[in-house]
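A short worksheet on the structure shown next.
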Amino acid sequence: MNGTKPVNWGIIGPGTIARTFAGGLAHSRTGKLAAIATRDPGKPGLAENFPGARIVEGYQTLLDDPEIEAVYIATPHVGHAEWAIKAVRAGKHVLVEKPIALSSYEAEAIYHEARRANVFSGEAFMYRLHPQTARIVDLVKSGVIGDVRLIRSSFGFNMGTVRPEHRLFANALAGGGILDVGGYPVSMARLIAGAVESKPFAEPVSVSGAGHLGETGVDEWASALLKFASGIVAEVSCSIMANQDNTLRIVGSKGRLEVKDFWFASGHEGGTGLIEITLNDGTRQTVEVTEEGWLYSFEADAAGEAIRSGKLEFETPGMSHADSVGNLRVLDQWRAAIGLSYDAERPENRRLNISGGKVTAGSNLPKRSIPGLSKQASVVALGFEFFPNFANASLTMDAFYEAGGNLFDTAWIYGRGLTESVFGDWLTSRAAPREEIVLIGKGAHSPLVYPDQIGKQLSESLERLKTDYVDIYFMHRDNEEVPVGEFVDAMDAEVKAGRIRGPFGGSNWSRDRLQAAMDYATANGKMPPGAMSNNFSLAEMLDPIWDGCVAASDDEWKVWLNERQFPNFAWSSQGRGFFTDRAGQDKTDDEELVRVWYSDKNFGRRDRAIELAAKLGRKPIHVALAYVLAQPFPVIPLIGPRNVAELEDSLSALDIRLTPEQVKWLEG
């Protein structure tokens, strides 16, 4: 970067790691420290620890400073996501001390915000940018130790005594070993496993873990086993109350490679790092990596070069966005295996959105009237059964609500009640007005498809949902051995009891059974079914995704729905990946895609969606969603985004208005 203006850095949080990064920055080629933000500007030692930097009172003050181009975030773990997003929204580039967030879901949200703002963002694993790490990768690729079979690595130390006031022992600050140091051996294992496959990194196909939770509720020592598709097995461990040898061992068919304290590389202030190679015949070799550069200067320079060249993320061997998210995904699984959660993830302590703001209803999402429903509902419904807990689901739920979404899809069976509990926690922690929310419930799934299950399961659902009614209710499956009138009677009773206050109906019911239920209700003075929830999409479902599923996408269904203007809350409305790059790639096609969607007719529709998307400057999956919304009868898509980026991508399709002629052309 000769002749290029140095990047002006600010640091949020003046702790030990901030001082370490500042030292590296002072010895970098690309940047300089302009300011340090603190909530206590009178704290002794700030001027000495950060020489030449302005001391700024308050984190937001630093973000408002036009001189600051990039921000290094060195707060305790629980503040990383909030201040990263605030910095990004202020137009700053961000480098966040590891872990970038508490979970992979939070990391995805940060990176999505940064890409949208067109700024650099990265997670600070300093060793990944050091030349020693590149040398380790090169040696593995050279085959000097043969085919890699095992990777063993640890990062552990002993604090001596439990100190509840220390951040490492504070559950409220997400202390413990896994988040603080466990990410190092995991990231190295994924790097080496990827190098074997000539990839930047590899994701394990399975993760199992064990650990000890101490009296303060954090992991004091823990280990995990990672299995990769290549056959490589990695054993990783971390600790804050047990000294470990902290040696990376890569075991191959011809020998092994060992590196002591690989994350320190050649030393904080430069020096010589040693890579020991021992072959099976006893031959030993020491590879020396001598570097004068300070350890943390390499990540500062890599970030600075990316910023000045307009790149939004690190390149290999630095951790790209996908690499960073994947690393946290392993830590998520490791934590789940030992039952480790943090106070900051609990609903009562997580009442604000990810950027620290109050969650309020937005107005950007269009709404529509639904027959039998007294309030308007957003044109799409949010499903969130894929999320493992409230903390991660709330990120997408908040974003949906803040965009103007008010229609939420739940079911008694999802996650054995987890989805309903998540919604109840979200509703109460956000203090969202219940009268403005449209809540879908479902019950009586196989094998418990009987009339007497409806009331029992609805009672359990309402308790989990923390409300006394649902707005819309579906039987999740049908049981044709039971007279349809018995189901109508059970649902009608719940309507009269006020526990269902809008339309009810069947999910995965046939036309004949729905019509029979409507006829029975009319003849007997009961509330008739007023909605359904079957699959509907541009791609017609050839084989049920799950047992008992029913699609309503063919011409006969369309005539029936149009004649009655019968609302269909359509699941898998975007073809579950058929309209993305996943489909049509022989080597990567999964069994479900092939079995459920692959036909000449569907591929013809996919081709036309691709063609129309190109003309509109959109994606085929956007056209697929627009097709569903363009029907002449009410179709309300149930969407299931797995992160905020996917949610916003789906919602971006809502401004596409297809003409009847375009709808017919897409159908072929």
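FYI, nothing fancy with the structure tokens labels: chains A, B, ... in order, residues from 1 per chain, ligands from 1 as they appear.
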Expected answer as a PyMOL selection string: helix (DSSP H, G or I) residues in stretch 291-359 of chain A: chain A and resi 295-308+321-338+343-345+347-349
Output for the residues just chosen: N, CA and C atoms as a short mmCIF file (atom, residue, chain, number, x, y, z; two decimals), in the first residue's frame:
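So the final result, stored in part-v2.cif, reads:
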```cif
data_model
loop_
_atom_site.label_atom_id
_atom_site.label_comp_id
_atom_site.auth_asym_id
_atom_site.auth_seq_id
_atom_site.Cartn_x
_atom_site.Cartn_y
_atom_site.Cartn_z
N LEU A 295 2.60 -9.95 15.74
CA LEU A 295 1.53 -10.90 15.45
C LEU A 295 0.24 -10.21 15.01
N TYR A 296 -0.17 -9.18 15.74
CA TYR A 296 -1.45 -8.55 15.44
C TYR A 296 -1.35 -7.54 14.28
N SER A 297 -0.14 -7.30 13.81
CA SER A 297 -0.01 -6.40 12.66
C SER A 297 -0.49 -7.06 11.38
N PHE A 298 -0.43 -8.38 11.33
CA PHE A 298 -0.81 -9.08 10.10
C PHE A 298 -2.32 -8.97 9.85
N GLU A 299 -3.13 -9.11 10.91
CA GLU A 299 -4.57 -8.98 10.70
C GLU A 299 -4.93 -7.51 10.44
N ALA A 300 -4.22 -6.59 11.08
CA ALA A 300 -4.48 -5.17 10.82
C ALA A 300 -4.18 -4.83 9.37
N ASP A 301 -3.08 -5.36 8.85
CA ASP A 301 -2.72 -5.08 7.46
C ASP A 301 -3.68 -5.76 6.48
N ALA A 302 -4.06 -6.99 6.79
CA ALA A 302 -5.00 -7.69 5.90
C ALA A 302 -6.33 -6.95 5.84
N ALA A 303 -6.79 -6.48 7.00
CA ALA A 303 -8.04 -5.70 7.02
C ALA A 303 -7.85 -4.38 6.28
N GLY A 304 -6.73 -3.71 6.53
CA GLY A 304 -6.48 -2.43 5.87
C GLY A 304 -6.40 -2.56 4.36
N GLU A 305 -5.73 -3.59 3.89
CA GLU A 305 -5.63 -3.81 2.44
C GLU A 305 -6.98 -4.11 1.84
N ALA A 306 -7.79 -4.89 2.55
CA ALA A 306 -9.14 -5.18 2.06
C ALA A 306 -9.98 -3.91 1.99
N ILE A 307 -9.87 -3.08 3.02
CA ILE A 307 -10.64 -1.83 3.05
C ILE A 307 -10.24 -0.92 1.90
N ARG A 308 -8.96 -0.73 1.69
CA ARG A 308 -8.51 0.18 0.64
C ARG A 308 -8.78 -0.37 -0.77
N HIS A 321 -16.38 -14.59 5.55
CA HIS A 321 -17.67 -14.61 6.25
C HIS A 321 -18.17 -16.03 6.44
N ALA A 322 -18.13 -16.82 5.37
CA ALA A 322 -18.63 -18.20 5.45
C ALA A 322 -17.81 -19.03 6.42
N ASP A 323 -16.51 -18.83 6.42
CA ASP A 323 -15.62 -19.54 7.34
C ASP A 323 -15.93 -19.18 8.78
N SER A 324 -16.12 -17.90 9.03
CA SER A 324 -16.42 -17.41 10.37
C SER A 324 -17.74 -17.96 10.89
N VAL A 325 -18.76 -17.91 10.04
CA VAL A 325 -20.07 -18.43 10.43
C VAL A 325 -19.98 -19.93 10.69
N GLY A 326 -19.28 -20.65 9.82
CA GLY A 326 -19.13 -22.08 10.00
C GLY A 326 -18.42 -22.43 11.29
N ASN A 327 -17.42 -21.64 11.65
CA ASN A 327 -16.70 -21.89 12.89
C ASN A 327 -17.63 -21.74 14.10
N LEU A 328 -18.42 -20.68 14.09
CA LEU A 328 -19.36 -20.48 15.19
C LEU A 328 -20.46 -21.55 15.20
N ARG A 329 -20.78 -22.06 14.03
CA ARG A 329 -21.79 -23.13 13.98
C ARG A 329 -21.29 -24.37 14.74
N VAL A 330 -20.00 -24.65 14.63
CA VAL A 330 -19.43 -25.75 15.41
C VAL A 330 -19.49 -25.44 16.90
N LEU A 331 -19.15 -24.21 17.27
CA LEU A 331 -19.22 -23.83 18.68
C LEU A 331 -20.65 -23.89 19.19
N ASP A 332 -21.62 -23.54 18.34
CA ASP A 332 -23.04 -23.66 18.71
C ASP A 332 -23.36 -25.11 19.09
N GLN A 333 -22.90 -26.04 18.25
CA GLN A 333 -23.19 -27.45 18.49
C GLN A 333 -22.45 -27.96 19.72
N TRP A 334 -21.25 -27.49 19.91
CA TRP A 334 -20.46 -27.88 21.09
C TRP A 334 -21.17 -27.40 22.35
N ARG A 335 -21.59 -26.15 22.34
CA ARG A 335 -22.31 -25.61 23.51
C ARG A 335 -23.60 -26.39 23.77
N ALA A 336 -24.35 -26.67 22.69
CA ALA A 336 -25.61 -27.39 22.85
C ALA A 336 -25.38 -28.77 23.45
N ALA A 337 -24.28 -29.41 23.07
CA ALA A 337 -23.98 -30.76 23.55
C ALA A 337 -23.75 -30.80 25.06
N ILE A 338 -23.25 -29.70 25.63
CA ILE A 338 -22.98 -29.69 27.07
C ILE A 338 -24.01 -28.87 27.84
N ASP A 343 -26.87 -16.05 30.14
CA ASP A 343 -27.94 -15.17 30.63
C ASP A 343 -28.41 -14.21 29.54
N ALA A 344 -27.47 -13.74 28.73
CA ALA A 344 -27.80 -12.77 27.69
C ALA A 344 -28.70 -13.35 26.61
N GLU A 345 -28.82 -14.67 26.55
CA GLU A 345 -29.66 -15.31 25.54
C GLU A 345 -31.06 -15.61 26.04
N PRO A 347 -34.88 -14.96 27.36
CA PRO A 347 -35.88 -13.96 26.96
C PRO A 347 -35.98 -12.78 27.91
N GLU A 348 -35.92 -13.05 29.20
CA GLU A 348 -36.08 -11.96 30.17
C GLU A 348 -34.92 -10.97 30.11
N ASN A 349 -33.79 -11.40 29.58
CA ASN A 349 -32.63 -10.52 29.47
C ASN A 349 -32.38 -10.05 28.04
#
```
Selection: 10 Å around A:Val449, only C-alpha atoms, excl. self and same-chain fewer than 5 positions, as a PyMOL selection string: chain A and resi 443-444+454+475-482+487
Atoms to include: C-alpha atoms. Write the selected residues as a PDB file, in the first residue's frame.
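Final output, saved to result_23.pdb:
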```pdb
ATOM      1  CA  GLY A 443     -52.593 -29.629  15.988  1.00  0.00           C
ATOM      2  CA  ALA A 444     -53.612 -33.277  15.565  1.00  0.00           C
ATOM      3  CA  ILE A 454     -57.702 -30.917  19.184  1.00  0.00           C
ATOM      4  CA  MET A 475     -55.688 -29.735  11.774  1.00  0.00           C
ATOM      5  CA  HIS A 476     -52.179 -30.699  10.779  1.00  0.00           C
ATOM      6  CA  ARG A 477     -53.216 -33.936   9.066  1.00  0.00           C
ATOM      7  CA  ASP A 478     -56.421 -35.785   8.166  1.00  0.00           C
ATOM      8  CA  ASN A 479     -57.662 -39.176   9.300  1.00  0.00           C
ATOM      9  CA  GLU A 480     -60.196 -40.396   6.764  1.00  0.00           C
ATOM     10  CA  GLU A 481     -61.235 -43.257   9.057  1.00  0.00           C
ATOM     11  CA  VAL A 482     -62.898 -40.679  11.321  1.00  0.00           C
ATOM     12  CA  PHE A 487     -63.573 -32.991  13.444  1.00  0.00           C
TER      13      PHE A 487
END
```
Selection near A:Thr61, 12 Å with only C-alpha atoms, sequence-local residues under 5 positions removed, as an NGL selection string: :A and (10-12 or 35-39 or 54-56 or 66-68 or 86-87 or 90)
Of the listed residues A:Phe400, A:Trp665, A:Trp546, A:Trp597, that which approaches A:Asp649 most closely, counting only C-alpha atoms: A:Phe400
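Among the candidate residues A:Val484, A:Leu191, A:Val233, A:Leu658, the one lying nearest to A:Ser206 is A:Val233, with distances computed using only C-alpha atoms.
Shortest atom-to-atom contact with A:Gly183 among A:Cys238, A:Ile110, A:Leu257, A:Val78: A:Cys238, counting only C-alpha atoms.
Closest approach to A:Phe314 from the set A:Ser187, A:Ser121, A:Asn243, A:Ser237 is made by A:Ser121, with distances taken over only C-alpha atoms.
The space separating atom CA of A:Val148 from atom CA of A:Thr272 comes to 25.5 Å.
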DSSP strand (DSSP E) residues within stretch 15-213 of chain A, listed as a PyMOL selection string: chain A and resi 31-38+54-57+70-73+93-97+121-124+148-156+206-213
